[in-house]
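Chemist: Got a structure here, written out as structure tokens. Questions coming.
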Amino acid sequence: EIIRRKAVQALYKFYLIAPNQVQHIHDKFRKALCDRDVGVMAASLHIYLEMIKENSSGYKDLTESFVIILKQVVGGKLPIDFNYHSVPAPWLQIQLLRILGLLGKDDPRTSELMYDVLEESLRRAEINHNITYAILFECVQTIYTIYPKSELLEKAAKCIGKFVLSPQINLKYLGLKALTCVIQQDPNLALEHQMTIIECLDHPDPIIKRETLEILYRITNGHNVVVIVQKMLDYLKETKEEYAIITLAGKIAELAEKYPFIFQKPFGFDDGKEDKQLRTYAVRSYLALLEEENVFYPQKFLQVMSWVLGEYSSLATDVDPEIILTRLHNLLKKTFVTSETKAWIMAAVTKIASRAASSKTVDKLIQEFSSSLDTCMRQHTFELKHLCEDKVLMKGLLPFDASCNDMVVDASLSFLDEFVAEGLGQGAAPYKPHHQRQEEKLSQEKALNFEPYGLSFASSVSSSGIAGRQSPTGLSFGSDTSGNSADMGHKETNTLKLEGVRKLWGKEGYLPKKESKVGKEDEPQTVSCSSLLAGRVAETPVSKSDQVSNLSEEEKEKQQLASTLFVGLGSNANVSL
Amino acid sequence: MIKFFLMVNKQGQTRLSRYYEHIEIHKRTMLEAEVIKNCLSRSKDQCSFIEYKDFKLVYRQYAALFVVVGINETENEMAVYELIHNFVEVLDKYFSRVIMFNLDRVHIILDEMVLNGCIVETNPNRILAPLFVLDKVAEG
């Protein structure tokens with residue numbers, strides 16, 4: 001039976017990797033579930049948990065079986081060695097409880113089947129051992145997930161109360177965690193235990209504190225939000241862990257959005273004058289901070305600083321913009337600054353440069369970074385350079401206080417459509433999305449022919465003679481004979497294998513992909529390498545349109561991309577921004 | 001889902017590590033160092049469940065050895081806490097005293113218990129059955 005169990009586990013892994021491939025085995029899973037052996041049945045539970053997570057309605061009919069199994073386990077019908085400290089197969093119980101929770105969610109009928117067994121589990125788990133607490137916790141979670149029943153809810157609430165009041169710190173943690181899950185459904189529970197929660201706020205263990213803050217976060221409403229945010233800010237000051245700071249700051253920001261009045265008291269954003277004061281103050285303090293040498297600020301702080309300086313430094317009228325630019329320039333040179341932060345700094349420099357007249361620092365910056373190894377930096381520098389050449393455009397592009405106005409950005413770049421249409425008309429290839437280019441690249445690689453050249457060289461020479469005779473009639477200077485090269489390639493196996501290769505080169509020269517249609521009727525001859533080459537050489541004096549299409553595909557795409565990127569800079573007359 | 005299972009001694013050296021999610025080698029060492037620092041700096045009356053980055057650590061101390069398990073939020077922390085104890089009990093049963101001389105056996109036992117990040121077997125007899133067979137074959 002151990003082997004059977006391992007087989008089921010292997011099938012589980014298959015299911016995880018490729019859920020579609022195991023469709024036909026689903027009845028084997030059912031057999032495993034009903035297997036006499038507990039281990040096999042337990043292993044199949046993992047599979048069912050996954051499947052139910054994805055689609056709970058498909059398995060509602062199994063609820064009864066799960067309930068029966070749980071009843072048997074709780075009732076002690078399993079062989080004695082499955083007991084762990086006299087609790088029958090606790091992890092199995094937990095797994096079953098989880099499955100039942102998923103099945104019974106929002107479904108009163110299914111939930112009704114479970115009430116008895118849940119009550120039974122709650123009763124049996126009264127023993128004072130950690131593992132029974134684990135089972136209780138899972139029970140409580142299940143009770144709160146499925147369709148509610150008042151008696152069960154009461155019992156569960158009592159359970160949570162016991163946890164929270166317990167002197168054992170692990171249990172307190174469990175109780176608090178249960179409270180966070182439950183609090184939205186039943187806020188009265190929080191009221192009952194408010195004294196404990198307040199105690200936990202000042203608990204020496206930071207984890208408990210964080211858990212309490214989580215509870216408070218969930219019960220914020222218009223009245224208590226100020227106090228709660230104050231507590232969160234206090235915690236932020238104490239903690240040094242970066243991840244905790246990020247999550248907590250995110251929560252505070254969410255609350256600030258929901259309840260904007262919490263920040264009004266100190267700042268009063270309706271008043272424009274105070275706004276300005278705040279901004280000038282921020283600019284000055286950041287400038288002072290940047291003065292200090294050898295200080296490593298966290299990246300996010302640097303980003304914020306550069307953004308503020310970029311947007312509002314013109315408010316600080318007594319400060320020469322050169323100074324700000326020099327400070328930012330120094331920052332750019334430091335190695336601890338990541339490229340993401342550098343992008344922010346460059347944006348700030350661009351904004352400041354748009355308002356100042358020509359600046360030596362900006363020129364120096366442009367020179368230094370235009371050959372930078374980081375392509376993002378290079379792109380920013382080029383943009384800066386081109387923008388600086390046209391100050392009016394720059395001012396229009398980066399208006400003051402832009403973040404407070406709603407700027408509508410045309411993401412589809414529809415104003416470039418005219419330009420693209422012109423280009424297509426001149427014979428440029430249309431833009432091929434990346435995955436198409438990848439596919440074509442791959443198919444080209446398949447064209448490598450590893451077979452040695454056979455003895456058919458003599459015969460191919462003669463056939464090329466035939467080809468030569470017929471070619472004037474068969475050829476056309478248009479591009480619709482592109483079909484020929486591929487078809488002719490099929491005939492002889494020891495010439496170039498051309499199946500699957502995009503028909504780029506015909507006898508007439510380079511054939512752009514857009515214009516390749518199905519070729520004329522097949523010519524019976526084969527084309528050998530030599531005749532292909534001959535054809536190409538003969539066609540070099542071609543019309544202008546062919547010359548344009550002689551550029552390689554990739555170069556053309558790059559050009560197109562470059563022109564779409566930099567269109568605003570060169571051809572101002574054509575495009576209105 | 002269990003992300004990793006570590007056994008670390010008090011000096012901070014990793015004795016056993018098992019990852020159920022792909023993490024690159026140099027990131028593993030960094031992760032282990034930070035995790036160990038976190039666990040060693042906790043006192044006796046603090047909670048055994050630490051929140052670390054975006055997952056949780058459950059640790060348990062046995063004399064000079066720390067067993068740390070990283071889990072994500074879907075797992076029941078207390079259940080994992082007890083799993084650690086179950087694991088140590090099974091080790092006790094098999095080795096009676098000296099654990100660290102047979103690391104491959106410890107790996108086998110761990111693999112019997114936890115697979116793919118899920119708890120699959122907790123019955124000590126079942127876990128040790130393949131090992132006994134292996135031992136018999138090795139002797140005979």
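Labels used: A, B, ... for chains in the order of the structure tokens, numbers from 1 for residues in each chain, and numbers from 1 for ligands as shown.
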What are the residues of chain B lining chain A at 10 Å or less? Count only C-alpha atoms, and put the answer as a PyMOL selection string.

Modeler: chain B and resi 42-43+45-54+74-83+86+112+115-116+118-127+129-130

Chemist: Identify, with DSSP run on backbone atoms, the residues in chain B assigned to helix (DSSP H, G or I), and express the list as a VMD selection string.

Modeler: chain B and resid 25 to 40 77 to 95 103 to 113 124 to 139

Chemist: Please give the complete set of residues from stretch 4-40 of chain B that DSSP, run on the backbone, assigns to strand (DSSP E or B), formatted as a list in words.

Modeler: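 Everything in stretch 4-40 of chain B that counts as strand (DSSP E or B) is Phe4, Phe5, Leu6, Met7, Val8, Asn9, Thr14, Arg15, Leu16, Ser17, Arg18 and Tyr19 of chain B.
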
Chemist: Let's have the selection written as a short mmCIF file (atom, residue, chain, number, x, y, z; two decimals), in the first residue's frame, with N, CA and C atoms.

Modeler:
data_model
loop_
_atom_site.label_atom_id
_atom_site.label_comp_id
_atom_site.auth_asym_id
_atom_site.auth_seq_id
_atom_site.Cartn_x
_atom_site.Cartn_y
_atom_site.Cartn_z
N PHE B 4 10.29 25.73 2.42
CA PHE B 4 11.59 25.11 2.67
C PHE B 4 11.64 24.58 4.09
N PHE B 5 12.63 23.73 4.30
CA PHE B 5 12.79 23.07 5.59
C PHE B 5 14.27 23.15 5.92
N LEU B 6 14.60 23.76 7.04
CA LEU B 6 16.01 23.94 7.39
C LEU B 6 16.30 23.42 8.77
N MET B 7 17.49 22.85 8.93
CA MET B 7 17.94 22.52 10.27
C MET B 7 19.25 23.27 10.48
N VAL B 8 19.27 24.09 11.50
CA VAL B 8 20.41 24.98 11.70
C VAL B 8 20.91 24.83 13.12
N ASN B 9 22.23 24.89 13.29
CA ASN B 9 22.71 24.82 14.66
C ASN B 9 22.89 26.22 15.24
N THR B 14 24.07 25.77 8.56
CA THR B 14 22.95 24.96 8.10
C THR B 14 23.35 23.51 8.06
N ARG B 15 22.60 22.68 8.78
CA ARG B 15 22.92 21.26 8.79
C ARG B 15 22.18 20.53 7.71
N LEU B 16 20.95 20.96 7.46
CA LEU B 16 20.15 20.28 6.45
C LEU B 16 19.25 21.33 5.83
N SER B 17 19.11 21.27 4.51
CA SER B 17 18.18 22.21 3.89
C SER B 17 17.47 21.52 2.75
N ARG B 18 16.19 21.82 2.65
CA ARG B 18 15.39 21.21 1.60
C ARG B 18 14.43 22.27 1.10
N TYR B 19 14.48 22.53 -0.20
CA TYR B 19 13.64 23.57 -0.76
C TYR B 19 12.57 22.96 -1.64
#

Chemist: If I take atom CA of A:Pro187 and atom CA of A:Leu201, how far is one from the other in Å, to one decimal?

Modeler: 18.0 Å
